[in-house]
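Peer 1: The following file, coords.cif, comprises mmCIF, C-alpha atoms and all ligand atoms:
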data_input
loop_
_atom_site.label_atom_id
_atom_site.label_comp_id
_atom_site.auth_asym_id
_atom_site.auth_seq_id
_atom_site.Cartn_x
_atom_site.Cartn_y
_atom_site.Cartn_z
CA MET A 681 28.01 2.11 13.61
CA LYS A 682 26.57 5.27 15.19
CA PRO A 683 25.77 8.48 13.30
CA TYR A 684 28.92 10.41 12.43
CA ALA A 685 27.57 13.56 14.08
CA GLU A 686 27.57 11.75 17.45
CA MET A 687 31.22 10.68 17.23
CA THR A 688 33.96 12.30 19.25
CA ARG A 689 36.84 13.99 17.47
CA GLU A 690 39.11 11.08 18.39
CA GLU A 691 36.67 8.59 16.93
CA LEU A 692 36.40 10.63 13.74
CA LEU A 693 40.18 10.88 13.43
CA GLU A 694 40.48 7.12 13.84
CA LEU A 695 37.75 6.56 11.26
CA LYS A 696 39.40 8.95 8.83
CA LYS A 697 42.64 6.97 9.04
CA GLU A 698 40.79 3.74 8.31
CA LEU A 699 38.83 5.24 5.38
CA LYS A 700 41.96 6.77 3.90
CA GLY A 701 43.60 3.35 3.90
CA LYS A 702 40.60 1.76 2.19
CA TYR A 703 40.50 4.58 -0.35
CA LYS A 704 44.18 4.08 -1.18
CA ASP A 705 43.52 0.35 -1.67
CA MET A 706 40.69 1.18 -4.10
CA GLN A 707 42.93 3.63 -5.98
CA ALA A 708 45.48 0.88 -6.42
CA LEU A 709 42.90 -1.13 -8.37
CA ALA A 710 43.17 1.46 -11.20
CA LEU A 711 39.44 1.23 -11.92
CA LYS A 712 37.90 2.67 -15.06
CA LEU A 713 34.15 2.72 -14.45
CA ASP A 714 31.31 5.04 -15.37
CA MET A 715 28.15 5.66 -13.34
CA SER A 716 27.31 8.96 -15.01
CA ARG A 717 25.37 8.00 -18.10
CA GLY A 718 21.62 7.52 -18.04
CA LYS A 719 21.54 5.29 -21.04
CA PRO A 720 20.46 1.71 -21.66
CA CYS A 721 23.12 -1.00 -21.50
CA THR A 722 23.95 -3.26 -24.42
CA ALA A 723 21.63 -6.05 -23.22
CA GLN A 724 18.74 -3.57 -23.24
CA LEU A 725 19.55 -2.44 -26.76
CA ASP A 726 19.70 -6.07 -27.84
CA LEU A 727 16.05 -6.42 -26.83
CA SER A 728 15.02 -4.31 -29.81
CA MET A 729 17.17 -5.98 -32.44
CA GLY A 730 14.05 -7.68 -33.81
CA MET A 731 13.15 -4.26 -35.13
CA MET A 732 15.88 -4.65 -37.72
CA ALA A 733 14.15 -7.74 -39.10
CA VAL A 734 10.59 -6.44 -39.44
CA LEU A 735 11.46 -4.51 -42.58
CA ASN A 736 13.40 -5.88 -45.53
CA GLU A 737 13.46 -5.40 -49.28
CA ASP A 738 10.30 -7.45 -49.74
CA THR A 739 8.29 -5.63 -47.08
CA GLU A 740 5.24 -3.63 -48.09
CA LEU A 741 6.06 -0.15 -46.81
CA ARG A 742 2.57 1.24 -46.98
CA SER A 743 0.83 2.52 -43.88
CA GLU A 744 -2.75 1.66 -42.97
CA ASP A 745 -4.13 4.55 -45.01
CA GLY A 746 -2.18 3.49 -48.10
CA THR A 747 0.65 6.03 -47.77
CA ASP A 748 3.91 4.86 -49.32
CA CYS A 749 6.21 5.42 -46.34
CA ARG A 750 9.25 5.53 -48.59
CA ASN A 751 8.14 8.83 -50.06
CA TYR A 752 7.68 12.43 -48.91
CA GLY A 753 4.64 13.53 -46.99
CA VAL A 754 2.50 13.11 -43.87
CA LEU A 755 3.38 15.97 -41.58
CA THR A 756 2.20 14.64 -38.24
CA GLY A 757 2.78 10.87 -38.50
CA ILE A 758 1.18 7.75 -39.98
CA PRO A 759 -2.10 6.64 -38.32
CA GLU A 760 -0.91 3.41 -36.76
CA ALA A 761 2.14 5.11 -35.21
CA LEU A 762 -0.04 7.95 -33.92
CA GLU A 763 -2.23 5.35 -32.27
CA LEU A 764 0.74 3.53 -30.72
CA MET A 765 2.30 6.71 -29.38
CA GLY A 766 -1.13 7.96 -28.31
CA ASP A 767 -1.62 4.84 -26.21
CA MET A 768 1.86 5.17 -24.76
CA MET A 769 1.22 8.83 -23.89
CA GLU A 770 -2.39 8.23 -22.77
CA VAL A 771 -3.82 10.81 -25.17
CA PRO A 772 -6.09 10.55 -28.23
CA TYR A 773 -4.19 10.07 -31.48
CA ASP A 774 -5.52 13.33 -32.95
CA HIS A 775 -3.85 15.29 -30.14
CA ILE A 776 -0.34 14.21 -31.14
CA ILE A 777 2.35 15.18 -33.59
CA LEU A 778 5.06 12.62 -34.26
CA TYR A 779 8.51 14.07 -34.76
CA GLY A 780 11.97 12.72 -35.45
CA ASN A 781 14.30 10.79 -33.22
CA SER A 782 14.53 12.97 -30.10
CA SER A 783 12.03 14.58 -27.74
CA LEU A 784 14.72 16.92 -26.49
CA ASN A 785 14.90 18.24 -30.02
CA VAL A 786 11.13 18.87 -29.94
CA MET A 787 11.50 20.74 -26.65
CA TYR A 788 14.27 22.85 -28.15
CA ASP A 789 12.10 23.60 -31.19
CA THR A 790 9.21 24.57 -28.93
CA ILE A 791 11.31 27.07 -27.00
CA SER A 792 12.92 28.31 -30.20
CA ARG A 793 9.56 28.90 -31.92
CA SER A 794 8.19 30.71 -28.87
CA TYR A 795 11.33 32.83 -28.83
CA THR A 796 11.19 33.88 -32.48
CA HIS A 797 7.43 33.76 -33.20
CA GLY A 798 5.60 33.69 -29.89
CA VAL A 799 2.88 31.35 -28.65
CA MET A 800 -0.51 31.57 -30.37
CA GLY A 801 -0.12 35.18 -31.46
CA SER A 802 1.51 36.55 -28.30
CA THR A 803 4.68 38.65 -28.41
CA PRO A 804 7.76 36.61 -29.40
CA TRP A 805 9.95 36.18 -26.34
CA CYS A 806 12.92 37.71 -28.17
CA LYS A 807 11.09 41.05 -28.10
CA LEU A 808 10.59 41.00 -24.36
CA ASP A 809 13.04 42.53 -21.90
CA LYS A 810 12.97 39.51 -19.64
CA VAL A 811 11.84 35.91 -19.97
CA LYS A 812 11.98 33.47 -17.05
CA PHE A 813 11.41 29.74 -16.66
CA LEU A 814 10.81 27.62 -13.60
CA CYS A 815 13.14 24.66 -13.17
CA VAL A 816 12.23 21.92 -10.74
CA VAL A 817 15.41 20.99 -8.87
CA PRO A 818 17.10 18.64 -8.76
CA GLY A 819 16.22 18.22 -12.41
CA TYR A 820 17.42 17.40 -15.90
CA ASP A 821 20.44 19.46 -16.97
CA ARG A 822 19.54 19.37 -20.67
CA HIS A 823 16.20 21.08 -20.00
CA PHE A 824 17.95 23.87 -18.16
CA ALA A 825 20.56 24.14 -20.91
CA ILE A 826 17.89 24.84 -23.55
CA THR A 827 16.34 27.79 -21.75
CA GLU A 828 19.78 29.04 -20.70
CA TYR A 829 20.88 28.94 -24.35
CA PHE A 830 18.08 31.37 -25.26
CA GLY A 831 19.11 33.77 -22.49
CA ILE A 832 16.07 32.85 -20.41
CA GLU A 833 16.49 33.18 -16.65
CA ASN A 834 16.13 29.78 -14.97
CA ILE A 835 14.50 29.93 -11.55
CA PRO A 836 14.89 26.86 -9.29
CA VAL A 837 11.80 25.46 -7.56
CA PRO A 838 12.29 22.63 -5.04
CA MET A 839 11.22 19.10 -5.92
CA LEU A 840 9.39 17.43 -3.04
CA PRO A 841 8.53 13.71 -2.85
CA THR A 842 5.12 14.73 -4.27
CA GLY A 843 6.49 16.87 -7.13
CA PRO A 844 7.37 20.56 -7.35
CA ASP A 845 6.55 22.73 -4.35
CA MET A 846 3.22 23.94 -5.69
CA ASN A 847 2.86 26.78 -3.17
CA ILE A 848 5.92 28.37 -4.74
CA VAL A 849 4.94 27.52 -8.33
CA GLU A 850 1.41 28.95 -7.94
CA LYS A 851 2.67 32.15 -6.36
CA LEU A 852 5.47 32.78 -8.86
CA VAL A 853 3.45 32.17 -12.03
CA ALA A 854 0.52 34.25 -10.77
CA GLU A 855 2.73 37.20 -9.89
CA ASP A 856 5.24 37.37 -12.70
CA GLU A 857 4.27 37.76 -16.34
CA ALA A 858 7.88 37.16 -17.39
CA ILE A 859 7.58 33.50 -16.33
CA LYS A 860 6.67 31.62 -19.51
CA GLY A 861 7.01 27.99 -18.52
CA ILE A 862 8.09 25.27 -16.16
CA TRP A 863 10.22 22.20 -16.91
CA CYS A 864 8.61 19.07 -15.41
CA VAL A 865 9.48 15.37 -15.48
CA PRO A 866 6.28 14.15 -13.82
CA LYS A 867 6.92 10.42 -13.65
CA TYR A 868 10.02 8.71 -12.26
CA SER A 869 11.58 12.13 -12.45
CA ASN A 870 15.17 12.69 -13.54
CA PRO A 871 16.96 12.41 -11.13
CA THR A 872 14.84 11.75 -8.02
CA GLY A 873 12.71 8.98 -9.49
CA ASN A 874 9.68 10.45 -7.70
CA SER A 875 6.33 10.90 -9.44
CA TYR A 876 3.92 13.80 -9.04
CA SER A 877 1.01 13.18 -6.68
CA ASP A 878 -2.60 13.58 -7.81
CA GLU A 879 -2.83 16.82 -5.88
CA THR A 880 0.27 18.20 -7.61
CA VAL A 881 -1.08 17.36 -11.08
CA ARG A 882 -4.48 18.87 -10.23
CA ARG A 883 -2.86 22.06 -8.96
CA MET A 884 -0.63 22.19 -12.05
CA ALA A 885 -3.67 22.00 -14.31
CA ARG A 886 -5.30 24.80 -12.32
CA LEU A 887 -2.43 27.26 -12.40
CA LYS A 888 -3.43 30.83 -13.08
CA PRO A 889 -0.37 32.26 -14.80
CA ALA A 890 -0.05 36.00 -15.29
CA ALA A 891 1.40 35.27 -18.75
CA LYS A 892 -1.16 34.02 -21.25
CA ASP A 893 1.66 32.34 -23.18
CA PHE A 894 2.79 30.36 -20.11
CA ARG A 895 3.00 26.63 -20.80
CA ILE A 896 3.83 23.59 -18.70
CA TYR A 897 6.60 21.58 -20.38
CA TRP A 898 5.51 18.11 -19.30
CA ASP A 899 8.36 15.79 -20.27
CA ASN A 900 6.93 12.36 -19.65
CA ALA A 901 10.16 10.65 -20.68
CA TYR A 902 9.66 7.71 -18.29
CA THR A 903 5.93 7.11 -18.75
CA ILE A 904 6.09 3.30 -19.14
CA HIS A 905 9.52 2.79 -17.60
CA HIS A 906 8.57 0.81 -14.49
CA LEU A 907 10.97 -1.41 -12.55
CA TYR A 908 8.23 -3.55 -11.00
CA ASP A 909 5.16 -5.31 -12.30
CA HIS A 910 2.92 -4.85 -9.31
CA ASP A 911 4.24 -1.69 -7.71
CA GLN A 912 4.02 1.08 -10.28
CA ASP A 913 3.50 4.80 -10.07
CA THR A 914 0.56 6.22 -11.98
CA ILE A 915 -0.08 9.90 -12.52
CA ILE A 916 -3.17 11.77 -13.63
CA GLU A 917 -3.14 12.43 -17.37
CA ILE A 918 -2.35 16.13 -17.63
CA LEU A 919 -4.02 17.04 -20.94
CA ALA A 920 -7.38 15.76 -19.78
CA GLU A 921 -6.91 17.36 -16.37
CA CYS A 922 -6.13 20.75 -17.96
CA LYS A 923 -9.28 20.41 -20.05
CA ARG A 924 -11.34 19.59 -16.96
CA ALA A 925 -9.82 22.59 -15.21
CA GLY A 926 -10.83 24.91 -18.06
CA ASN A 927 -7.17 25.38 -19.03
CA PRO A 928 -6.99 23.22 -22.18
CA ASP A 929 -4.05 25.02 -23.78
CA LEU A 930 -1.81 25.09 -20.69
CA VAL A 931 0.41 22.11 -21.44
CA TYR A 932 2.83 20.65 -23.97
CA LYS A 933 3.45 17.00 -23.28
CA PHE A 934 6.59 15.30 -24.63
CA ALA A 935 7.71 11.69 -24.86
CA SER A 936 9.81 9.39 -26.97
CA THR A 937 10.70 5.75 -27.42
CA SER A 938 14.38 6.51 -26.77
CA LYS A 939 14.49 4.18 -23.78
CA VAL A 940 11.95 1.78 -25.21
CA SER A 941 13.66 1.00 -28.52
CA PHE A 942 16.90 2.80 -29.39
CA PRO A 943 18.06 6.16 -27.99
CA GLY A 944 18.71 8.37 -30.98
CA SER A 945 16.71 6.13 -33.32
CA GLY A 946 13.29 6.11 -31.71
CA ILE A 947 10.15 8.18 -32.27
CA ALA A 948 9.56 11.44 -30.44
CA ALA A 949 6.14 13.00 -29.99
CA LEU A 950 4.38 16.05 -28.70
CA ALA A 951 0.80 16.00 -27.41
CA SER A 952 -1.27 19.08 -26.72
CA SER A 953 -4.63 20.79 -27.27
CA LEU A 954 -5.88 21.15 -30.84
CA ASN A 955 -5.32 24.93 -30.59
CA ASN A 956 -1.69 24.47 -29.62
CA LEU A 957 -1.15 21.84 -32.31
CA GLU A 958 -2.56 24.19 -34.99
CA ASP A 959 -0.16 26.90 -33.83
CA ILE A 960 2.77 24.47 -33.92
CA LYS A 961 1.86 23.11 -37.36
CA LYS A 962 2.20 26.60 -38.88
CA GLN A 963 5.91 26.32 -38.18
CA LEU A 964 6.27 22.59 -38.67
CA LYS A 965 5.03 22.65 -42.26
CA VAL A 966 7.75 25.17 -43.07
CA GLN A 967 10.37 23.18 -41.22
CA THR A 968 9.79 19.75 -42.81
CA ILE A 969 7.75 17.81 -45.35
CA GLY A 970 7.46 15.00 -42.86
CA HIS A 971 9.48 12.94 -40.42
CA ASP A 972 10.83 9.41 -40.75
CA LYS A 973 7.79 7.28 -41.64
CA VAL A 974 9.85 4.16 -42.26
CA ASN A 975 10.98 4.32 -38.64
CA GLN A 976 7.39 4.88 -37.53
CA LEU A 977 6.33 1.81 -39.48
CA ARG A 978 9.23 -0.23 -38.09
CA HIS A 979 8.18 0.60 -34.54
CA VAL A 980 4.56 -0.35 -35.13
CA ARG A 981 5.41 -3.60 -36.89
CA PHE A 982 7.80 -4.54 -34.05
CA PHE A 983 5.65 -3.61 -31.05
CA GLU A 984 2.28 -4.13 -32.80
CA ASP A 985 0.41 -2.23 -30.09
CA ILE A 986 0.72 -0.83 -26.58
CA HIS A 987 0.49 -4.34 -25.11
CA GLY A 988 3.59 -5.32 -27.08
CA MET A 989 5.33 -2.23 -25.80
CA VAL A 990 4.39 -2.90 -22.18
CA GLU A 991 5.61 -6.49 -22.53
CA HIS A 992 8.86 -5.18 -24.00
CA MET A 993 9.29 -2.79 -21.05
CA ARG A 994 9.07 -5.77 -18.69
CA LYS A 995 12.20 -7.12 -20.34
CA HIS A 996 13.96 -3.79 -19.79
CA ALA A 997 12.84 -3.91 -16.15
CA ASP A 998 14.25 -7.41 -15.71
CA ILE A 999 17.67 -6.04 -16.69
CA LEU A 1000 17.44 -2.76 -14.78
CA ARG A 1001 15.82 -3.94 -11.54
CA PRO A 1002 18.80 -5.95 -10.21
CA LYS A 1003 21.05 -2.96 -10.86
CA PHE A 1004 18.85 -0.53 -8.95
CA GLU A 1005 18.34 -3.00 -6.13
CA MET A 1006 22.03 -3.71 -5.83
CA VAL A 1007 22.94 -0.02 -5.62
CA GLU A 1008 20.20 0.54 -3.04
CA GLU A 1009 21.35 -2.45 -1.03
CA ILE A 1010 24.93 -1.10 -0.96
CA LEU A 1011 23.75 2.40 -0.02
CA ASP A 1012 21.61 0.95 2.80
CA ARG A 1013 24.34 -1.36 4.06
CA GLU A 1014 27.21 1.13 3.93
CA LEU A 1015 25.50 4.41 4.73
CA GLY A 1016 22.25 3.54 6.53
CA GLY A 1017 21.96 5.28 9.91
CA LEU A 1018 25.20 7.28 9.56
CA GLY A 1019 23.41 10.58 8.93
CA ILE A 1020 25.73 11.55 6.11
CA GLY A 1021 23.46 11.13 3.12
CA THR A 1022 19.94 10.53 1.90
CA TRP A 1023 18.84 8.86 -1.31
CA THR A 1024 15.74 7.98 -3.26
CA LYS A 1025 14.36 4.49 -4.00
CA PRO A 1026 12.61 4.86 -7.34
CA LYS A 1027 10.13 2.39 -8.74
CA GLY A 1028 11.03 3.32 -12.29
CA GLY A 1029 13.02 5.59 -14.55
CA TYR A 1030 16.78 5.71 -14.85
CA PHE A 1031 18.20 7.44 -11.79
CA ILE A 1032 18.74 7.50 -8.06
CA SER A 1033 19.22 10.89 -6.47
CA PHE A 1034 21.72 11.15 -3.62
CA ASP A 1035 22.17 14.08 -1.24
CA THR A 1036 25.39 14.40 0.73
CA LEU A 1037 25.95 16.64 3.73
CA GLU A 1038 25.96 20.27 2.62
CA GLY A 1039 29.15 21.20 0.75
CA CYS A 1040 30.34 17.64 0.06
CA ALA A 1041 29.02 16.64 -3.38
CA LYS A 1042 31.82 18.10 -5.51
CA LYS A 1043 34.47 16.51 -3.31
CA VAL A 1044 32.74 13.11 -3.39
CA VAL A 1045 32.53 13.18 -7.19
CA SER A 1046 36.15 14.28 -7.43
CA ARG A 1047 37.35 11.57 -5.03
CA CYS A 1048 35.43 8.97 -7.05
CA ALA A 1049 37.06 10.25 -10.25
CA LYS A 1050 40.51 10.07 -8.69
CA ALA A 1051 39.86 6.42 -7.93
CA GLY A 1052 38.63 5.74 -11.47
CA VAL A 1053 34.82 6.02 -11.16
CA ILE A 1054 33.10 8.73 -13.14
CA MET A 1055 29.88 10.12 -11.65
CA THR A 1056 27.60 12.82 -13.15
CA SER A 1057 29.24 16.14 -12.21
CA ALA A 1058 28.01 17.53 -8.95
CA GLY A 1059 25.75 20.50 -9.63
CA ALA A 1060 24.53 19.14 -12.98
CA THR A 1061 21.02 18.77 -11.59
CA TRP A 1062 20.77 22.53 -11.00
CA PRO A 1063 20.46 25.38 -13.54
CA GLY A 1064 23.87 26.64 -14.59
CA GLY A 1065 25.44 23.59 -12.94
CA LYS A 1066 25.34 25.43 -9.61
CA ASP A 1067 23.91 23.55 -6.66
CA PRO A 1068 23.82 26.14 -3.85
CA HIS A 1069 24.02 23.36 -1.26
CA ASP A 1070 26.69 21.39 -3.14
CA SER A 1071 24.90 18.24 -2.07
CA ASN A 1072 23.07 16.57 -4.97
CA ILE A 1073 24.58 13.73 -6.99
CA ARG A 1074 22.76 11.80 -9.72
CA ILE A 1075 23.46 8.08 -9.76
CA ALA A 1076 22.84 6.31 -13.07
CA PRO A 1077 22.86 2.52 -12.55
CA SER A 1078 21.66 1.45 -16.02
CA PHE A 1079 24.78 1.27 -18.15
CA PRO A 1080 27.58 -0.59 -16.30
CA PRO A 1081 27.51 -4.38 -15.98
CA LEU A 1082 26.42 -5.59 -12.53
CA ASN A 1083 29.90 -6.38 -11.28
CA ASP A 1084 31.32 -2.99 -12.30
CA LEU A 1085 28.32 -1.32 -10.78
CA ARG A 1086 28.90 -3.08 -7.47
CA ILE A 1087 32.49 -1.87 -7.29
CA ALA A 1088 31.49 1.65 -8.38
CA ALA A 1089 28.72 1.84 -5.77
CA GLU A 1090 31.07 0.58 -3.04
CA LEU A 1091 33.68 3.15 -3.97
CA PHE A 1092 30.99 5.83 -4.01
CA THR A 1093 29.87 5.01 -0.47
CA LEU A 1094 33.50 4.96 0.68
CA CYS A 1095 34.03 8.44 -0.80
CA VAL A 1096 30.85 9.72 0.85
CA LYS A 1097 32.14 8.49 4.22
CA TYR A 1098 35.63 9.85 3.69
CA VAL A 1099 34.49 13.31 2.58
CA SER A 1100 31.86 13.48 5.34
CA VAL A 1101 34.43 12.70 8.03
CA GLU A 1102 36.70 15.38 6.61
CA LYS A 1103 33.84 17.87 6.73
CA LEU A 1104 32.97 17.02 10.31
CA LEU A 1105 36.61 17.37 11.35
CA ALA A 1106 37.10 20.71 9.56
N1 LIG B 1 13.87 13.89 -21.06
C1 LIG B 1 14.40 13.35 -19.96
C2 LIG B 1 13.79 13.64 -18.63
C3 LIG B 1 15.52 12.55 -20.06
O1 LIG B 1 16.05 12.03 -18.94
C4 LIG B 1 16.09 12.28 -21.32
C5 LIG B 1 17.29 11.45 -21.46
O2 LIG B 1 17.93 11.07 -20.53
C6 LIG B 1 15.48 12.87 -22.44
C7 LIG B 1 14.38 13.65 -22.28
C8 LIG B 1 16.05 12.65 -23.81
O3 LIG B 1 15.00 12.20 -24.62
P1 LIG B 1 15.19 11.99 -26.17
O4 LIG B 1 16.13 10.87 -26.37
O5 LIG B 1 13.81 11.68 -26.64
O6 LIG B 1 15.71 13.27 -26.76
#
Could you render the structure from this file as structure tokens?

Peer 2:
Amino acid sequence: MKPYAEMTREELLELKKELKGKYKDMQALALKLDMSRGKPCTAQLDLSMGMMAVLNEDTELRSEDGTDCRNYGVLTGIPEALELMGDMMEVPYDHIILYGNSSLNVMYDTISRSYTHGVMGSTPWCKLDKVKFLCVVPGYDRHFAITEYFGIENIPVPMLPTGPDMNIVEKLVAEDEAIKGIWCVPKYSNPTGNSYSDETVRRMARLKPAAKDFRIYWDNAYTIHHLYDHDQDTIIEILAECKRAGNPDLVYKFASTSKVSFPGSGIAALASSLNNLEDIKKQLKVQTIGHDKVNQLRHVRFFEDIHGMVEHMRKHADILRPKFEMVEEILDRELGGLGIGTWTKPKGGYFISFDTLEGCAKKVVSRCAKAGVIMTSAGATWPGGKDPHDSNIRIAPSFPPLNDLRIAAELFTLCVKYVSVEKLLA
């Protein structure tokens, strides 16, 4: 079929009639499917059930250094868990703090502390007239929600296939002291699935922010979440790069095992310079006596080391890969060459990012919903839920079973066609 933009009005009207018929047929199926949630499916969760068996009432719950993990204490994490998370995050174990069950929670705490107490002695943000944050778009709605919650102005910066548009980032942070940070998902980004190029990471590490309390919020949520064994993205390790660039305190790096073991019951961690960690610990020791060491021990006993974790991630990939490939195959087959949408083909992570013709995303999502398929709301990938182009839609293939996913993806492509024809006829 030729590109829609090259069709005559008559051809488009004919096509619309055909698509409407197909859409009605799909509606009659009374589907109830969900392609909105970026969470592991049941089979993925089952992979970690062995974790339940590594500890029982006879297990010695002492860590390597003799700490009784059943009791209070150990602010930053037990040594063997620090080592495991350090290997996963590619940083030395003494540059990490282990937290509770959610990295998003750590990010919230980091913003909250900066807001009430400032960063390494600088003015708390709550005492400033204006605080701004850069948000790479399309991006992760929960990042944007945190800064929005604190009344911080979110400023969109375009995501390119190589990462954020660094010309814009460099200019903005150098000019405006009110800009205190940037939200980044550097690897298999949510939602584009793209990873930052070496040049982007190098330029990030060499930023010259006007604000001395500016920090890069480097959320490496998908650091070992590859779909393929032999075709993987790698990115330059940012802490070391910042150090090389003479900017050692510029970055906070976040990660968790949410999509390695169990979302909501994993281990979250923050890695940064020793100076930043000292600053953070002043608050942390007031906030808690220590996080869940039994869970830390459970993770180490289950995975043993980073090799065990990498092996485990291969099993996740074996479940996820067919889902991603099937969605991509349907997008290619149904929409390839029509000029009514573009989409990413990630090699890892949890999402595919789809861009409709300008002004169509909301309608596509709504048409899908009316035929029983829930997509992430259009606009969710932009601060405030407002996509000025109304074009971006996040596709989350991980959760539904393959057969449901096939039907959902087919309905999605039908809705994209239907709404695009309507737009071209308007
Ligand atoms: N960061 C990104 C980029 C995510 O996509 C998600 C979950 O989808 C999270 C963080 C949540 O992480 P956690 O479960 O550690 O809070």

Peer 1: Nearest to A:Phe830: which of A:Glu857, A:Tyr788, A:Gly1016, A:Gly1052 is it, counting only C-alpha atoms?

Peer 2: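 Comparing A:Glu857, A:Tyr788, A:Gly1016, A:Gly1052 against A:Phe830, the winner is A:Tyr788.
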
Peer 1: With 9 Å as the threshold, what does the neighbourhood of (9.7, 1.3, -39.8) contain in terms of residues, counting all atoms listed in the file? Coordinates are those of the file; answer as a ChimeraX atom specification.

Peer 2: /A:731-732,734-735,741,749,972-982

Peer 1: Any residue with an atom at most 9 Å from ligand LIG 1 (chain B) counts, using all atoms listed in the file. Which are they? Put them as a PDB file with C-alpha atoms, in the coordinates of the input.

Peer 2:
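Writing the result to pocket_27.pdb gives the following:
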ATOM      1  CA  ARG A 717      25.370   8.000 -18.100  1.00  0.00           C
ATOM      2  CA  GLY A 718      21.620   7.520 -18.040  1.00  0.00           C
ATOM      3  CA  LYS A 719      21.540   5.290 -21.040  1.00  0.00           C
ATOM      4  CA  ASN A 781      14.300  10.790 -33.220  1.00  0.00           C
ATOM      5  CA  SER A 782      14.530  12.970 -30.100  1.00  0.00           C
ATOM      6  CA  SER A 783      12.030  14.580 -27.740  1.00  0.00           C
ATOM      7  CA  LEU A 784      14.720  16.920 -26.490  1.00  0.00           C
ATOM      8  CA  ASN A 785      14.900  18.240 -30.020  1.00  0.00           C
ATOM      9  CA  VAL A 786      11.130  18.870 -29.940  1.00  0.00           C
ATOM     10  CA  MET A 787      11.500  20.740 -26.650  1.00  0.00           C
ATOM     11  CA  GLY A 819      16.220  18.220 -12.410  1.00  0.00           C
ATOM     12  CA  TYR A 820      17.420  17.400 -15.900  1.00  0.00           C
ATOM     13  CA  ASP A 821      20.440  19.460 -16.970  1.00  0.00           C
ATOM     14  CA  ARG A 822      19.540  19.370 -20.670  1.00  0.00           C
ATOM     15  CA  HIS A 823      16.200  21.080 -20.000  1.00  0.00           C
ATOM     16  CA  CYS A 864       8.610  19.070 -15.410  1.00  0.00           C
ATOM     17  CA  VAL A 865       9.480  15.370 -15.480  1.00  0.00           C
ATOM     18  CA  PRO A 866       6.280  14.150 -13.820  1.00  0.00           C
ATOM     19  CA  TYR A 868      10.020   8.710 -12.260  1.00  0.00           C
ATOM     20  CA  SER A 869      11.580  12.130 -12.450  1.00  0.00           C
ATOM     21  CA  ASN A 870      15.170  12.690 -13.540  1.00  0.00           C
ATOM     22  CA  PRO A 871      16.960  12.410 -11.130  1.00  0.00           C
ATOM     23  CA  ASP A 899       8.360  15.790 -20.270  1.00  0.00           C
ATOM     24  CA  ASN A 900       6.930  12.360 -19.650  1.00  0.00           C
ATOM     25  CA  ALA A 901      10.160  10.650 -20.680  1.00  0.00           C
ATOM     26  CA  TYR A 902       9.660   7.710 -18.290  1.00  0.00           C
ATOM     27  CA  PHE A 934       6.590  15.300 -24.630  1.00  0.00           C
ATOM     28  CA  ALA A 935       7.710  11.690 -24.860  1.00  0.00           C
ATOM     29  CA  SER A 936       9.810   9.390 -26.970  1.00  0.00           C
ATOM     30  CA  THR A 937      10.700   5.750 -27.420  1.00  0.00           C
ATOM     31  CA  SER A 938      14.380   6.510 -26.770  1.00  0.00           C
ATOM     32  CA  LYS A 939      14.490   4.180 -23.780  1.00  0.00           C
ATOM     33  CA  PHE A 942      16.900   2.800 -29.390  1.00  0.00           C
ATOM     34  CA  PRO A 943      18.060   6.160 -27.990  1.00  0.00           C
ATOM     35  CA  GLY A 944      18.710   8.370 -30.980  1.00  0.00           C
ATOM     36  CA  SER A 945      16.710   6.130 -33.320  1.00  0.00           C
ATOM     37  CA  GLY A 946      13.290   6.110 -31.710  1.00  0.00           C
ATOM     38  CA  ILE A 947      10.150   8.180 -32.270  1.00  0.00           C
ATOM     39  CA  ALA A 948       9.560  11.440 -30.440  1.00  0.00           C
ATOM     40  CA  ALA A 949       6.140  13.000 -29.990  1.00  0.00           C
ATOM     41  CA  GLY A1029      13.020   5.590 -14.550  1.00  0.00           C
ATOM     42  CA  TYR A1030      16.780   5.710 -14.850  1.00  0.00           C
ATOM     43  CA  PHE A1031      18.200   7.440 -11.790  1.00  0.00           C
TER      44      PHE A1031
END

Peer 1: Write out as a VMD selection string which residues come within 9 Å of A:Cys806 when counting all atoms listed in the file, dropping same-chain ones fewer than 5 positions away.

Peer 2: chain A and resid 794 to 798 811 830

Peer 1: Restricting the calculation to all atoms listed in the file: of A:Ile969, A:Ala858, A:Leu727, A:Val1096, which residue gets closest to A:Thr803?

Peer 2: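 When distances to A:Thr803 are compared using all atoms listed in the file, the smallest one comes from A:Ala858.
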
Peer 1: For A:Gly801, which of A:Leu1104, A:Ile960, A:Cys1048, A:Met993 is the closest residue, counting only C-alpha atoms?

Peer 2: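 Looking only at the distances to A:Gly801, the closest residue turns out to be A:Ile960.
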
Peer 1: Which of these, A:Arg994, A:His971, A:Arg1001, A:His906, has the shortest distance to A:Tyr752 once you count only C-alpha atoms?

Peer 2: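 For A:Tyr752, the nearest of the given residues is A:His971.
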
Peer 1: With all atoms listed in the file as the atoms that count, which of A:Cys1040, A:Leu755, A:Leu1091, A:Leu1011 lies nearest to A:Lys1103?

Peer 2: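 Using all atoms listed in the file, the shortest distance to A:Lys1103 belongs to A:Cys1040.
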
Peer 1: Which neighbours of A:Val1101 fall inside 8 Å, counting all atoms listed in the file, when residues of the same chain fewer than 6 positions from it are skipped, and could you give them as a list of chain:residue names?

Peer 2: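 Near neighbours after the sequence-gap exclusion: A:Tyr684, A:Leu692, A:Leu695, A:Lys696.
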
Peer 1: Save out the residues we just selected, C-alpha atoms, as a PDB file, in the frame of the given file.

Peer 2:
ATOM      1  CA  TYR A 684      28.920  10.410  12.430  1.00  0.00           C
ATOM      2  CA  LEU A 692      36.400  10.630  13.740  1.00  0.00           C
ATOM      3  CA  LEU A 695      37.750   6.560  11.260  1.00  0.00           C
ATOM      4  CA  LYS A 696      39.400   8.950   8.830  1.00  0.00           C
TER       5      LYS A 696
END
